[in-house]
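A.B. asks: What follows is input.cif, mmCIF, C-alpha atoms.
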```cif
data_input
#
loop_
_atom_site.label_atom_id
_atom_site.label_comp_id
_atom_site.auth_asym_id
_atom_site.auth_seq_id
_atom_site.Cartn_x
_atom_site.Cartn_y
_atom_site.Cartn_z
CA MET A 689 -41.84 -24.46 -117.49
CA GLN A 690 -41.15 -28.02 -116.41
CA LYS A 691 -37.42 -27.75 -117.04
CA VAL A 692 -37.17 -24.39 -115.32
CA ASN A 693 -38.99 -25.62 -112.22
CA SER A 694 -36.95 -28.81 -112.00
CA SER A 695 -33.70 -26.89 -112.49
CA ILE A 696 -34.59 -24.42 -109.71
CA ILE A 697 -35.44 -27.26 -107.31
CA SER A 698 -32.25 -29.13 -108.15
CA LYS A 699 -30.07 -26.04 -107.65
CA CYS A 700 -31.73 -25.12 -104.38
CA THR A 701 -31.50 -28.60 -102.91
CA GLY A 702 -27.96 -28.93 -104.18
CA ALA A 703 -26.93 -25.68 -102.47
CA VAL A 704 -28.36 -26.80 -99.14
CA GLU A 705 -26.83 -30.27 -99.36
CA HIS A 706 -23.43 -28.91 -100.36
CA LYS A 707 -23.23 -26.96 -97.10
CA LYS A 708 -24.00 -30.08 -95.08
CA THR A 709 -21.35 -32.28 -96.66
CA ARG A 710 -17.60 -31.92 -96.41
CA LEU A 711 -17.03 -33.59 -99.74
CA SER A 712 -19.08 -32.47 -102.72
CA PRO A 713 -21.16 -35.05 -104.60
CA MET A 714 -19.05 -34.53 -107.72
CA SER A 715 -15.86 -35.24 -105.76
CA ARG A 716 -17.40 -38.46 -104.48
CA ILE A 717 -18.24 -39.50 -108.02
CA TRP A 718 -14.64 -38.91 -109.09
CA LEU A 719 -13.37 -41.00 -106.16
CA LEU A 720 -15.73 -43.85 -107.05
CA LEU A 721 -14.69 -43.58 -110.69
CA GLY A 722 -11.05 -43.88 -109.63
CA ALA A 723 -11.86 -46.95 -107.53
CA SER A 724 -13.74 -48.48 -110.47
CA LEU A 725 -10.83 -47.89 -112.85
CA LEU A 726 -8.41 -49.34 -110.29
CA ALA A 727 -10.56 -52.48 -109.98
CA ILE A 728 -10.68 -52.80 -113.78
CA VAL A 729 -6.90 -52.42 -114.11
CA LEU A 730 -6.29 -55.01 -111.39
CA PHE A 731 -8.75 -57.44 -112.96
CA MET A 732 -7.10 -57.05 -116.37
CA THR A 733 -3.49 -57.41 -115.19
CA ILE A 734 -3.39 -59.84 -112.24
CA ASN A 735 -1.82 -63.24 -113.10
CA LEU A 736 -1.39 -62.22 -116.73
CA ASN A 737 0.55 -65.07 -118.33
CA GLY A 738 0.18 -67.56 -121.15
CA ASN A 739 -1.83 -66.48 -124.19
CA ILE A 740 -2.03 -62.80 -123.23
CA SER A 741 -4.15 -61.76 -126.20
CA TYR A 742 -6.83 -64.34 -125.46
CA ILE A 743 -6.80 -63.63 -121.71
CA LEU A 744 -7.14 -59.86 -122.17
CA THR A 745 -10.00 -60.32 -124.64
CA HIS A 746 -11.80 -62.74 -122.34
CA ARG A 747 -11.41 -60.47 -119.33
CA ALA A 748 -12.51 -57.43 -121.33
CA TYR A 749 -15.76 -59.21 -122.24
CA ILE A 750 -16.33 -60.04 -118.56
CA ILE A 751 -15.77 -56.40 -117.56
CA LEU A 752 -18.16 -55.15 -120.24
CA THR A 753 -20.78 -57.62 -119.03
CA MET A 754 -20.36 -56.42 -115.45
CA ILE A 755 -20.59 -52.77 -116.53
CA VAL A 756 -23.86 -53.45 -118.34
CA VAL A 757 -25.32 -55.27 -115.34
CA ALA A 758 -24.09 -52.64 -112.86
CA PHE A 759 -25.69 -49.82 -114.81
CA ALA A 760 -28.95 -51.67 -115.41
CA ALA A 761 -29.33 -52.84 -111.79
CA GLY A 762 -28.30 -49.61 -110.10
CA VAL A 763 -30.09 -47.07 -112.26
CA SER A 764 -33.31 -49.08 -112.67
CA THR A 765 -33.59 -49.56 -108.91
CA ILE A 766 -32.98 -45.87 -108.16
CA LEU A 767 -35.67 -44.80 -110.62
CA PHE A 768 -38.15 -47.48 -109.54
CA GLN A 769 -37.79 -46.43 -105.91
CA THR A 770 -38.24 -42.80 -106.93
CA ILE A 771 -41.57 -43.57 -108.59
CA ALA A 772 -42.69 -45.91 -105.81
CA ASN A 773 -41.40 -43.50 -103.12
CA ASN A 774 -40.07 -46.54 -101.27
CA ARG A 775 -36.47 -47.70 -100.79
CA ILE A 776 -37.30 -51.38 -100.30
CA LEU A 777 -39.08 -52.09 -103.58
CA THR A 778 -36.99 -53.06 -106.60
CA PRO A 779 -38.00 -54.27 -110.07
CA SER A 780 -36.30 -57.60 -109.37
CA LEU A 781 -38.53 -58.35 -106.36
CA MET A 782 -41.65 -58.37 -108.54
CA GLY A 783 -41.22 -61.85 -110.01
CA LEU A 784 -39.18 -60.91 -113.08
CA GLU A 785 -36.35 -63.36 -112.30
CA ALA A 786 -38.85 -66.17 -111.68
CA LEU A 787 -40.41 -65.42 -115.05
CA PHE A 788 -36.96 -65.56 -116.63
CA VAL A 789 -36.36 -69.03 -115.15
CA LEU A 790 -39.78 -70.13 -116.42
CA LEU A 791 -38.97 -68.85 -119.93
CA GLN A 792 -35.65 -70.70 -119.93
CA THR A 793 -37.41 -73.87 -118.78
CA VAL A 794 -40.07 -73.57 -121.50
CA PHE A 795 -37.41 -72.99 -124.18
CA VAL A 796 -35.40 -76.06 -123.17
CA PHE A 797 -38.48 -78.23 -122.58
CA PHE A 798 -39.97 -77.64 -126.02
CA GLU A 799 -36.68 -77.24 -127.86
CA GLY A 800 -34.72 -80.00 -126.21
CA ASP A 801 -33.06 -81.12 -129.43
CA MET A 802 -31.45 -77.72 -129.94
CA PRO A 803 -27.70 -77.39 -129.21
CA ALA A 804 -26.57 -75.81 -125.93
CA SER A 805 -25.19 -72.81 -127.84
CA TRP A 806 -28.77 -71.89 -128.80
CA MET A 807 -29.27 -70.78 -125.18
CA LEU A 808 -27.02 -67.81 -126.03
CA ASN A 809 -28.53 -67.12 -129.44
CA LEU A 810 -29.14 -63.47 -130.31
CA SER A 811 -32.72 -64.07 -131.52
CA LYS A 812 -33.54 -65.88 -128.27
CA PHE A 813 -32.03 -62.97 -126.35
CA PHE A 814 -34.34 -60.50 -128.09
CA LEU A 815 -37.35 -62.79 -127.66
CA GLU A 816 -36.98 -63.25 -123.92
CA SER A 817 -36.06 -59.57 -123.44
CA THR A 818 -39.24 -58.54 -125.24
CA LEU A 819 -41.37 -60.91 -123.15
CA LEU A 820 -39.82 -59.65 -119.92
CA VAL A 821 -40.38 -56.02 -120.94
CA LEU A 822 -44.03 -56.65 -121.83
CA PHE A 823 -44.67 -58.46 -118.55
CA SER A 824 -42.98 -55.84 -116.39
CA VAL A 825 -44.65 -52.89 -118.14
CA VAL A 826 -48.10 -54.41 -117.69
CA LEU A 827 -47.38 -55.36 -114.06
CA TYR A 828 -45.82 -52.06 -113.01
CA ARG A 829 -48.45 -49.97 -114.78
CA TRP A 830 -51.24 -51.92 -113.09
CA LEU A 831 -49.57 -51.60 -109.69
CA PHE A 832 -49.13 -47.87 -110.17
CA SER A 833 -52.70 -47.20 -111.27
CA SER A 834 -54.53 -49.68 -109.01
CA VAL A 835 -52.77 -50.22 -105.69
CA ARG A 836 -50.67 -47.04 -105.52
CA PHE A 837 -47.57 -49.01 -104.55
CA ASN A 838 -48.87 -50.10 -101.17
CA ILE A 839 -45.77 -51.79 -99.77
CA ASN A 840 -47.54 -54.80 -98.24
CA LEU A 841 -49.79 -55.44 -101.22
CA VAL A 842 -47.00 -55.00 -103.76
CA LEU A 843 -44.69 -57.40 -101.96
CA MET A 844 -47.52 -59.92 -101.64
CA ILE A 845 -48.26 -59.70 -105.38
CA GLY A 846 -44.56 -60.11 -106.18
CA ILE A 847 -44.27 -63.17 -103.94
CA ILE A 848 -47.44 -64.75 -105.40
CA LEU A 849 -46.32 -64.21 -109.00
CA GLY A 850 -42.82 -65.45 -108.24
CA THR A 851 -44.21 -68.57 -106.58
CA LEU A 852 -46.52 -69.21 -109.54
CA PHE A 853 -43.69 -68.91 -112.06
CA ARG A 854 -41.29 -71.04 -110.01
CA SER A 855 -43.90 -73.75 -109.47
CA SER A 856 -44.63 -73.89 -113.20
CA ALA A 857 -40.92 -74.07 -113.95
CA THR A 858 -40.39 -76.82 -111.38
CA LEU A 859 -43.20 -78.89 -112.90
CA LEU A 860 -41.63 -78.71 -116.35
CA GLN A 861 -38.17 -79.46 -114.93
CA ARG A 862 -39.46 -82.67 -113.33
CA LEU A 863 -40.75 -83.80 -116.72
CA MET A 864 -37.51 -82.87 -118.43
CA ASP A 865 -34.79 -85.19 -119.70
CA PRO A 866 -31.68 -85.12 -117.41
CA ASN A 867 -29.47 -83.96 -120.28
CA GLU A 868 -31.85 -81.09 -121.01
CA PHE A 869 -31.96 -80.18 -117.32
CA SER A 870 -28.17 -79.98 -117.17
CA ILE A 871 -28.29 -77.43 -120.01
CA LEU A 872 -31.00 -75.47 -118.22
CA GLN A 873 -29.19 -75.46 -114.88
CA GLY A 874 -26.46 -73.26 -116.30
CA ARG A 875 -29.02 -70.53 -117.02
CA MET A 876 -30.82 -70.62 -113.68
CA PHE A 877 -28.01 -68.79 -111.87
CA ALA A 878 -26.36 -65.55 -112.87
CA THR A 879 -22.87 -65.79 -114.33
CA PHE A 880 -20.71 -63.14 -115.96
CA THR A 881 -18.43 -65.37 -118.04
CA ARG A 882 -20.97 -66.97 -120.37
CA ALA A 883 -22.22 -64.18 -122.66
CA THR A 884 -21.01 -64.13 -126.25
CA PRO A 885 -19.51 -60.96 -127.81
CA ASP A 886 -22.55 -60.25 -129.98
CA LEU A 887 -24.86 -60.42 -126.94
CA ILE A 888 -22.52 -58.18 -124.93
CA PHE A 889 -22.22 -55.49 -127.59
CA CYS A 890 -25.94 -55.60 -128.33
CA SER A 891 -26.74 -55.18 -124.63
CA LEU A 892 -24.18 -52.40 -124.34
CA ALA A 893 -25.74 -50.52 -127.26
CA ILE A 894 -29.21 -50.79 -125.69
CA ILE A 895 -27.87 -49.64 -122.33
CA VAL A 896 -26.17 -46.60 -123.89
CA VAL A 897 -29.37 -45.53 -125.69
CA VAL A 898 -31.49 -45.95 -122.57
CA GLY A 899 -28.85 -44.17 -120.49
CA VAL A 900 -28.88 -41.14 -122.79
CA LEU A 901 -32.69 -40.97 -122.64
CA LEU A 902 -32.67 -41.18 -118.85
CA TRP A 903 -29.90 -38.61 -118.46
CA ARG A 904 -31.93 -36.08 -120.43
CA MET A 905 -34.73 -36.54 -117.87
CA ARG A 906 -32.54 -36.30 -114.77
CA TYR A 907 -34.09 -33.06 -113.51
CA SER A 908 -37.60 -34.44 -113.95
CA PHE A 909 -36.71 -37.30 -111.60
CA ASP A 910 -35.92 -34.78 -108.85
CA VAL A 911 -39.37 -33.26 -109.26
CA MET A 912 -41.13 -36.65 -109.32
CA ALA A 913 -39.35 -37.62 -106.10
CA LEU A 914 -41.37 -34.88 -104.37
CA GLY A 915 -44.56 -36.91 -104.86
CA GLN A 916 -47.35 -37.00 -107.40
CA ALA A 917 -49.22 -33.92 -106.20
CA ASN A 918 -46.13 -31.71 -106.04
CA ALA A 919 -44.85 -32.96 -109.39
CA ILE A 920 -48.15 -32.17 -111.11
CA ASN A 921 -48.20 -28.70 -109.56
CA LEU A 922 -44.70 -28.09 -110.90
CA GLY A 923 -45.73 -28.92 -114.46
CA ILE A 924 -44.94 -32.64 -114.77
CA ASN A 925 -47.28 -34.82 -116.84
CA TYR A 926 -47.06 -37.44 -114.13
CA ARG A 927 -48.96 -40.29 -115.76
CA LYS A 928 -47.13 -39.98 -119.07
CA GLN A 929 -43.71 -39.61 -117.43
CA THR A 930 -44.30 -42.57 -115.14
CA THR A 931 -45.31 -44.84 -118.01
CA TYR A 932 -42.26 -43.78 -120.02
CA ILE A 933 -39.87 -44.29 -117.10
CA LEU A 934 -41.35 -47.71 -116.29
CA LEU A 935 -40.80 -48.73 -119.90
CA LEU A 936 -37.13 -47.74 -119.75
CA ILE A 937 -36.72 -49.47 -116.37
CA SER A 938 -38.24 -52.62 -117.83
CA VAL A 939 -35.79 -52.53 -120.74
CA LEU A 940 -32.83 -52.21 -118.36
CA VAL A 941 -33.94 -55.08 -116.14
CA ALA A 942 -34.88 -57.31 -119.07
CA VAL A 943 -31.56 -56.80 -120.86
CA SER A 944 -29.54 -57.43 -117.71
CA THR A 945 -31.52 -60.56 -116.79
CA ALA A 946 -31.43 -61.97 -120.30
CA LEU A 947 -27.67 -61.35 -120.52
CA VAL A 948 -26.39 -62.92 -117.29
CA GLY A 949 -29.39 -64.41 -115.50
CA PRO A 950 -31.35 -63.45 -112.37
CA LEU A 951 -29.75 -61.11 -109.82
CA THR A 952 -32.43 -60.15 -107.34
CA PHE A 953 -30.62 -58.04 -104.76
CA LEU A 954 -27.74 -56.28 -106.53
CA GLY A 955 -29.84 -53.21 -107.32
CA LEU A 956 -31.22 -53.06 -103.79
CA ILE A 957 -27.72 -53.00 -102.29
CA VAL A 958 -26.13 -50.40 -104.58
CA ALA A 959 -29.19 -48.13 -104.62
CA ASN A 960 -29.43 -47.89 -100.82
CA LEU A 961 -25.68 -47.38 -100.55
CA ALA A 962 -25.91 -44.64 -103.17
CA TYR A 963 -28.38 -42.68 -101.03
CA HIS A 964 -25.83 -42.53 -98.20
CA ILE A 965 -22.63 -42.16 -100.22
CA SER A 966 -23.65 -39.67 -102.92
CA GLY A 967 -24.18 -36.79 -100.46
CA SER A 968 -27.15 -35.57 -102.50
CA SER A 969 -30.72 -36.49 -103.33
CA GLN A 970 -30.40 -35.27 -106.92
CA HIS A 971 -30.57 -37.96 -109.55
CA ARG A 972 -27.70 -36.49 -111.57
CA PHE A 973 -25.52 -37.67 -108.67
CA LEU A 974 -27.50 -40.69 -107.49
CA MET A 975 -27.50 -42.49 -110.84
CA PRO A 976 -23.72 -42.29 -111.48
CA VAL A 977 -22.97 -43.25 -107.88
CA ALA A 978 -25.24 -46.31 -108.05
CA PHE A 979 -23.67 -47.33 -111.36
CA LEU A 980 -20.10 -46.96 -110.05
CA LEU A 981 -20.92 -48.79 -106.80
CA GLY A 982 -22.35 -51.65 -108.83
CA THR A 983 -19.22 -51.77 -110.97
CA ILE A 984 -16.96 -51.81 -107.91
CA ALA A 985 -19.08 -54.48 -106.22
CA LEU A 986 -19.05 -56.81 -109.23
CA ILE A 987 -15.44 -56.40 -110.36
CA GLY A 988 -14.06 -56.13 -106.83
CA GLY A 989 -16.12 -59.10 -105.70
CA GLN A 990 -14.88 -61.19 -108.62
CA LEU A 991 -11.29 -60.21 -107.78
CA VAL A 992 -11.69 -61.28 -104.16
CA LEU A 993 -13.37 -64.56 -105.04
CA GLU A 994 -11.01 -65.44 -107.89
CA TYR A 995 -7.65 -64.46 -106.43
CA GLY A 996 -8.27 -64.03 -102.71
CA LEU A 997 -10.51 -67.03 -102.01
CA LYS A 998 -9.38 -69.19 -104.96
CA MET A 999 -12.93 -69.40 -106.39
CA THR A 1000 -14.36 -71.08 -103.31
CA GLY A 1001 -17.68 -69.38 -104.06
CA THR A 1002 -19.76 -67.88 -106.84
CA LEU A 1003 -20.19 -64.12 -107.11
CA SER A 1004 -23.92 -64.26 -107.81
CA VAL A 1005 -24.51 -66.52 -104.79
CA VAL A 1006 -22.55 -64.18 -102.51
CA ILE A 1007 -24.48 -61.14 -103.80
CA GLU A 1008 -27.82 -62.87 -103.30
CA PHE A 1009 -26.89 -63.96 -99.77
CA VAL A 1010 -25.66 -60.50 -98.70
CA GLY A 1011 -28.58 -58.82 -100.47
CA GLY A 1012 -31.10 -61.12 -98.83
CA MET A 1013 -29.74 -60.29 -95.38
CA PHE A 1014 -29.75 -56.59 -96.25
CA PHE A 1015 -33.36 -56.81 -97.46
CA ILE A 1016 -34.44 -58.45 -94.19
CA TYR A 1017 -32.67 -55.67 -92.30
CA LEU A 1018 -34.49 -52.98 -94.29
CA VAL A 1019 -37.86 -54.66 -93.71
CA LEU A 1020 -37.29 -55.08 -89.98
CA ARG A 1021 -36.13 -51.48 -89.67
CA ARG A 1022 -39.49 -50.30 -91.02
CA LEU A 1023 -41.51 -52.29 -88.47
#
```
So, in terms of structure tokens, how does the structure I just supplied come out?
C.D. replies:
Amino acid sequence: MQKVNSSIISKCTGAVEHKKTRLSPMSRIWLLLGASLLAIVLFMTINLNGNISYILTHRAYIILTMIVVAFAAGVSTILFQTIANNRILTPSLMGLEALFVLLQTVFVFFEGDMPASWMLNLSKFFLESTLLVLFSVVLYRWLFSSVRFNINLVLMIGIILGTLFRSSATLLQRLMDPNEFSILQGRMFATFTRATPDLIFCSLAIIVVVGVLLWRMRYSFDVMALGQANAINLGINYRKQTTYILLLISVLVAVSTALVGPLTFLGLIVANLAYHISGSSQHRFLMPVAFLLGTIALIGGQLVLEYGLKMTGTLSVVIEFVGGMFFIYLVLRRL
């Protein structure tokens, strides 16, 4: 019953939207896929000299890292906004990055004699990913059941928790040895060139599994976007589905953050662009479009910074600056 209802809704909305748009959503996905492949080819081949085998391998690892982050940021934000019924909220705005910085600070503070390579250890990756997932599941579930995603209250809670985590991290950093702080500083900002192959392939495997699970639920997302009352009337077990989706969202965000570091506004940018570019409100189009936009933004941005601007800036800093301005614009537009 649930699948039939969701399929009918998706087909009906798709038929209406197709008449309104000159270019079908599937055609837009193919165009974005072509742009993504073009960016990948350019990134792999520009200035290719010297030890070609090493350079290609190194660049391939960077591309895989960016693909993982693009999928995790874009898809998790789309689904979180679907549940929250709000296009400003993202999982990253709820203090998860601040908690990540606090965890890194605690690890270095109490394990200061460990080598710098331990910061990229696979066991540490799983530990911090698990802690981030547990925190986000508890937080999101409480927000969903208690405050019903009231925009003002949710943002206030996110700011308070983020401030608490950052203050705790700052206190430990002031007590830290300068050599230990220099090791920590490399993990406080997102970078796509640091992850080791085992971390990349492990993250990629997790992303693929979560992606398959989410794709099987794509029609349910269209029903849940109609609101809790309508979704329940159409046969959705809303509470169970929401808990399950929040768990998968938490895994995506935790894996991405643990792999490259905090990226607060990437998901916000690509998700809101996906709503306008996809030409459809169906999640079978929204999720691929958000993923491809994230891939283009990361790889294209790295190309511009590395070869156009001669590395005069850092990609994560540029994304955070643009995303911060975009977030302010979205907030002011709602006033």
A.B. asks: Around the point (-37.6, -47.3, -108.2) (coordinates from the file), which residues reach within 12 Å if we count all atoms listed in the file? Answer as a PyMOL selection string.
C.D. replies: chain A and resi 761-782+828+832+837+909+912-913+930+933-934+936-938+941+955-956+959-960+971+975
A.B. asks: I'd like the residues picked by the PyMOL selection byres ((chain A and resi 820) around 12) written out as a ChimeraX atom specification, using the chain letters and numbers from the file.
C.D. replies: /A:779-780,782-792,813-819,821-828,935,937-946,950
A.B. asks: Filtering to C-alpha atoms, could you give me those residues as a compact mmCIF listing (two decimals), in the frame of the given file?
C.D. replies:
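Dumped to result12.txt:
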```txt
# COMPACT_ATOMS: atom_id res chain seq x y z
CA PRO A 779 -38.00 -54.27 -110.07
CA SER A 780 -36.30 -57.60 -109.37
CA MET A 782 -41.65 -58.37 -108.54
CA GLY A 783 -41.22 -61.85 -110.01
CA LEU A 784 -39.18 -60.91 -113.08
CA GLU A 785 -36.35 -63.36 -112.30
CA ALA A 786 -38.85 -66.17 -111.68
CA LEU A 787 -40.41 -65.42 -115.05
CA PHE A 788 -36.96 -65.56 -116.63
CA VAL A 789 -36.36 -69.03 -115.15
CA LEU A 790 -39.78 -70.13 -116.42
CA LEU A 791 -38.97 -68.85 -119.93
CA GLN A 792 -35.65 -70.70 -119.93
CA PHE A 813 -32.03 -62.97 -126.35
CA PHE A 814 -34.34 -60.50 -128.09
CA LEU A 815 -37.35 -62.79 -127.66
CA GLU A 816 -36.98 -63.25 -123.92
CA SER A 817 -36.06 -59.57 -123.44
CA THR A 818 -39.24 -58.54 -125.24
CA LEU A 819 -41.37 -60.91 -123.15
CA VAL A 821 -40.38 -56.02 -120.94
CA LEU A 822 -44.03 -56.65 -121.83
CA PHE A 823 -44.67 -58.46 -118.55
CA SER A 824 -42.98 -55.84 -116.39
CA VAL A 825 -44.65 -52.89 -118.14
CA VAL A 826 -48.10 -54.41 -117.69
CA LEU A 827 -47.38 -55.36 -114.06
CA TYR A 828 -45.82 -52.06 -113.01
CA LEU A 935 -40.80 -48.73 -119.90
CA ILE A 937 -36.72 -49.47 -116.37
CA SER A 938 -38.24 -52.62 -117.83
CA VAL A 939 -35.79 -52.53 -120.74
CA LEU A 940 -32.83 -52.21 -118.36
CA VAL A 941 -33.94 -55.08 -116.14
CA ALA A 942 -34.88 -57.31 -119.07
CA VAL A 943 -31.56 -56.80 -120.86
CA SER A 944 -29.54 -57.43 -117.71
CA THR A 945 -31.52 -60.56 -116.79
CA ALA A 946 -31.43 -61.97 -120.30
CA PRO A 950 -31.35 -63.45 -112.37
```
A.B. asks: Just so the selection is clear, what residues does the PyMOL selection byres ((chain A and resi 891) around 10) cover here, as a list in words?
C.D. replies: Leu752, Thr753, Val756, Val757, Phe813, Phe814, Pro885, Asp886, Leu887, Ile888, Phe889, Cys890, Leu892, Ala893, Ile894, Ile895, Val896, Leu940, Val943, Ser944, Ala946 and Leu947 of chain A
A.B. asks: Would you write out, as number ranges by chain, every residue that the PyMOL selection byres ((chain A and resi 793-798) around 9) captures in this file?
C.D. replies: A: 788-792, 799-802, 807, 857-858, 860-861, 863-865, 868-869, 871-872, 876
A.B. asks: Could you check which of A:Gly1011, A:Gly923, A:Pro713, A:Gly989 is closest to A:Leu974, using all atoms listed in the file?
C.D. replies: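 Using all atoms listed in the file, A:Leu974 sits closest to A:Pro713.
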A.B. asks: Can you tell me how far atom CA of A:Arg854 sits from atom CA of A:Val1005, in Å to one decimal?
C.D. replies: 18.1 Å
A.B. asks: So the first atom is atom CA of A:Phe1009 and the second is atom CA of A:Ala723; what is the distance between them in Å, to one decimal place?
C.D. replies: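 Those two atoms sit 24.0 Å apart.
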A.B. asks: Have a look at atom CA of A:Gly722 and atom CA of A:Met754 and let me know their distance in Å, one decimal.
C.D. replies: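 These two atoms are separated by 16.7 Å.
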A.B. asks: Using all atoms listed in the file, which residues sit within 12 Å of stretch 735-740 of chain A once same-chain residues fewer than 6 positions away are excluded, as a PyMOL selection string?
C.D. replies: chain A and resi 729+746-748+991+994-995
A.B. asks: Please work out which residues fall within 8 Å of (-30.7, -42.2, -116.2), coordinates as given in the file, with all atoms listed in the file counting, and return them as a PyMOL selection string.
C.D. replies: chain A and resi 763+767+898-906+971-972+975
A.B. asks: Would you save the residues from that selection as a short mmCIF file (atom, residue, chain, number, x, y, z; two decimals), keeping the file's coordinate frame, using C-alpha atoms?
C.D. replies:
```
data_model
loop_
_atom_site.label_atom_id
_atom_site.label_comp_id
_atom_site.auth_asym_id
_atom_site.auth_seq_id
_atom_site.Cartn_x
_atom_site.Cartn_y
_atom_site.Cartn_z
CA VAL A 763 -30.09 -47.07 -112.26
CA LEU A 767 -35.67 -44.80 -110.62
CA VAL A 898 -31.49 -45.95 -122.57
CA GLY A 899 -28.85 -44.17 -120.49
CA VAL A 900 -28.88 -41.14 -122.79
CA LEU A 901 -32.69 -40.97 -122.64
CA LEU A 902 -32.67 -41.18 -118.85
CA TRP A 903 -29.90 -38.61 -118.46
CA ARG A 904 -31.93 -36.08 -120.43
CA MET A 905 -34.73 -36.54 -117.87
CA ARG A 906 -32.54 -36.30 -114.77
CA HIS A 971 -30.57 -37.96 -109.55
CA ARG A 972 -27.70 -36.49 -111.57
CA MET A 975 -27.50 -42.49 -110.84
#
```
A.B. asks: My list of candidates is A:Leu993, A:Leu1020, A:Val958, A:Leu725. Which is closest to A:Ala978 when distances are computed with all atoms listed in the file?
C.D. replies: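 Of A:Leu993, A:Leu1020, A:Val958, A:Leu725, the one nearest A:Ala978, counting all atoms listed in the file, is A:Val958.
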A.B. asks: Nearest to A:Phe759 among A:Ala985, A:Phe979, A:Ser724, A:Phe1014, with distances taken over all atoms listed in the file: which residue is it?
C.D. replies: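 Of the candidates, the smallest distance to A:Phe759 is held by A:Phe979.
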